[in-house]
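Okay, structure first, notes after.
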Amino acid sequence: MVNSALVIGSDTLVDLVNVLGVLPMKSLSSKIIGKRSALSLEGFLCDYFMSGSPVIISDCMGHWPARTRWNDMDYLKRVAGDRTVPVEVINLCVGKTTYPQIGSKSLLHFPSFWRGFSPVTLLNLLTWQINELRKDIFIPDYCYAGGGELRSLNAWFGPAGTVTPLHHDPHHNILAQVVGKKYIRLYPASLSEELYPYTETMLCNSSKVDLDNIDEKEFPKVKDLEFQDCILEEGEMLYIPPKWWHYVRSLTTSFSVSFWWSNCGGSPAS
């Protein structure tokens, strides 16, 4: 049964019947990630950052030009122009097929991309080669929590059905959903061993478990693990603490931005 605490905005209703048909087992039936509207920096620091707890923050991106501009394909085509830019294609899968392109980097000719938008392409626009897009967003104040510094700023662009398999990242992370919506599932860092990480150094932050098709014989601990999940709506941000495992599925064409930062004081979450 879907958790009754799940609230979906009236302007972006999700057909839950169809959505649940493509999501991993037990999705939206357990603990839904809490949501706070226009959360203050002090509230974020005291209630979530220091304890290392995830939270969805709404009503915090209304001043971003990207909120309207990035929904306009003509605008994106115009600012990208005839450029060829470096991009990163991350490890992802669509349906039951996995494409192990972990951090593979290549050059992309944008006009070709618009003509043949691939259902297996999740693009990270490296180093913000398109300066006009960088000007459309602002670094959230939350990223200054802990007195640290911004480590990475990435823009992720991909179609509905794109899946980023279960993995974790080393820094504090604000994921801002600019266009579209995503399903996101989180497991705390304390459950790392039960999520069967790869032993290879290059893959040690990735799980062997395919949440869309769990092999219960090979990974018997996974199905009973507690997790938090949500549908991250357009205009919302999600705080993901360091080393929390996350699985992401785009429910629509999606444009999001991730802000990684480290803190100097050594909070319990870092």
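Note on naming: chains are A, B, ... as they come in the structure tokens, residues start from 1 per chain, ligands start from 1 in the order shown.
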
Can you list, as JSON, numbers by chain, every protein, DNA or RNA residue that comes within 7 Å of A:Gln177 when you count only C-alpha atoms, leaving out same-chain residues fewer than 5 positions away?
-> {"A": [232, 233, 234, 235, 236, 237, 255, 256, 257]}

Export all heavy atoms of the chosen residues as a short mmCIF file (atom, residue, chain, number, x, y, z; two decimals), in the first residue's frame?
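again_19.cif, written as the output of this step:
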data_model
loop_
_atom_site.label_atom_id
_atom_site.label_comp_id
_atom_site.auth_asym_id
_atom_site.auth_seq_id
_atom_site.Cartn_x
_atom_site.Cartn_y
_atom_site.Cartn_z
N LEU A 232 10.58 13.37 -6.18
CA LEU A 232 11.10 14.73 -6.13
C LEU A 232 10.47 15.52 -7.27
O LEU A 232 10.70 15.23 -8.44
CB LEU A 232 12.63 14.73 -6.25
CG LEU A 232 13.32 16.07 -5.98
CD1 LEU A 232 13.14 16.49 -4.52
CD2 LEU A 232 14.82 15.98 -6.32
N GLU A 233 9.66 16.50 -6.90
CA GLU A 233 8.89 17.27 -7.87
C GLU A 233 9.70 18.43 -8.43
O GLU A 233 10.68 18.89 -7.83
CB GLU A 233 7.62 17.81 -7.22
CG GLU A 233 6.64 16.76 -6.74
CD GLU A 233 5.81 16.17 -7.85
OE1 GLU A 233 5.94 16.64 -9.01
OE2 GLU A 233 5.02 15.24 -7.58
N GLU A 234 9.26 18.90 -9.58
CA GLU A 234 9.88 20.08 -10.20
C GLU A 234 9.84 21.25 -9.22
O GLU A 234 8.81 21.55 -8.61
CB GLU A 234 9.11 20.42 -11.48
CG GLU A 234 9.74 21.48 -12.34
CD GLU A 234 9.10 21.56 -13.71
OE1 GLU A 234 9.16 20.56 -14.45
OE2 GLU A 234 8.52 22.61 -14.03
N GLY A 235 10.99 21.91 -9.04
CA GLY A 235 11.07 23.05 -8.14
C GLY A 235 11.47 22.69 -6.72
O GLY A 235 11.53 23.58 -5.86
N GLU A 236 11.77 21.42 -6.46
CA GLU A 236 12.18 20.99 -5.13
C GLU A 236 13.65 20.61 -5.10
O GLU A 236 14.24 20.25 -6.13
CB GLU A 236 11.34 19.81 -4.66
CG GLU A 236 9.87 20.13 -4.48
CD GLU A 236 9.04 18.94 -4.03
OE1 GLU A 236 9.49 17.78 -4.22
OE2 GLU A 236 7.93 19.16 -3.51
N MET A 237 14.24 20.68 -3.90
CA MET A 237 15.61 20.23 -3.67
C MET A 237 15.60 19.09 -2.67
O MET A 237 14.78 19.06 -1.77
CB MET A 237 16.47 21.37 -3.10
CG MET A 237 16.64 22.56 -3.99
SD MET A 237 17.66 23.84 -3.16
CE MET A 237 17.68 25.10 -4.43
N PHE A 255 15.73 17.60 -15.97
CA PHE A 255 16.92 18.45 -15.92
C PHE A 255 17.12 18.80 -14.46
O PHE A 255 16.26 19.42 -13.82
CB PHE A 255 16.70 19.73 -16.74
CG PHE A 255 17.92 20.24 -17.44
CD1 PHE A 255 17.81 20.91 -18.66
CD2 PHE A 255 19.19 20.07 -16.91
CE1 PHE A 255 18.93 21.40 -19.33
CE2 PHE A 255 20.31 20.55 -17.56
CZ PHE A 255 20.18 21.21 -18.78
N SER A 256 18.22 18.37 -13.88
CA SER A 256 18.49 18.63 -12.48
C SER A 256 19.94 19.07 -12.30
O SER A 256 20.77 18.89 -13.19
CB SER A 256 18.18 17.40 -11.61
OG SER A 256 18.87 16.27 -12.09
N VAL A 257 20.20 19.65 -11.14
CA VAL A 257 21.54 20.15 -10.83
C VAL A 257 21.94 19.62 -9.47
O VAL A 257 21.16 19.68 -8.51
CB VAL A 257 21.59 21.69 -10.82
CG1 VAL A 257 23.01 22.18 -10.54
CG2 VAL A 257 21.09 22.26 -12.14
#

Counting only C-alpha atoms, which of A:Asp141, A:Asp169, A:Glu193, A:Asp74 gets nearest to A:Ala38?
-> A:Asp141

May I have all residues of stretch 35-267 of chain A that DSSP, computed from the backbone, assigns to strand (DSSP E), given as a ChimeraX atom specification?
-> /A:35-37,55-58,84-89,92-94,97-99,104-109,123-125,149-158,162-167,172-179,182-187,228-232,237-240,245-250,254-262

Pick from A:Tyr239, A:Glu42, A:Trp261, A:Ile130: nearest to A:Asp82, with only C-alpha atoms counted?
->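 The answer is A:Ile130, which sits nearest to A:Asp82.
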
Hey, what does DSSP flag as helix (DSSP H, G or I) within stretch 126-179 of chain A? Can you give it to me as a list in words?
->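 Listing helix (DSSP H, G or I) positions across stretch 126-179 of chain A yields Leu126, Thr127, Trp128, Asn131, Glu132, Leu133, Arg134, Asp141, Tyr142, Cys143, Tyr144, Ala145, Gly146 and Gly147 of chain A.
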
Quick one, how far is atom CA of A:Val179 from atom CA of A:Ala66?
->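 So the two atoms, atom CA of A:Val179 and atom CA of A:Ala66, lie 8.6 Å apart.
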
Of the candidates A:Gly34, A:Pro111, A:Gly21, A:Gly81, which shows the shortest atom-to-atom distance to A:Asp229, using only C-alpha atoms?
->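 Using only C-alpha atoms, the shortest distance to A:Asp229 belongs to A:Gly34.
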
Hey, which of A:Ile184, A:Cys46, A:Val163, A:Leu28 ends up closest to A:Thr253? Count only C-alpha atoms.
->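 The answer is A:Val163, which sits nearest to A:Thr253.
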
Quick one: of A:Lys181, A:Arg69, A:His171, A:His109, who's nearest to A:Ile231, counting only C-alpha atoms?
->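 The shortest atom-to-atom distance to A:Ile231 comes from A:Lys181.
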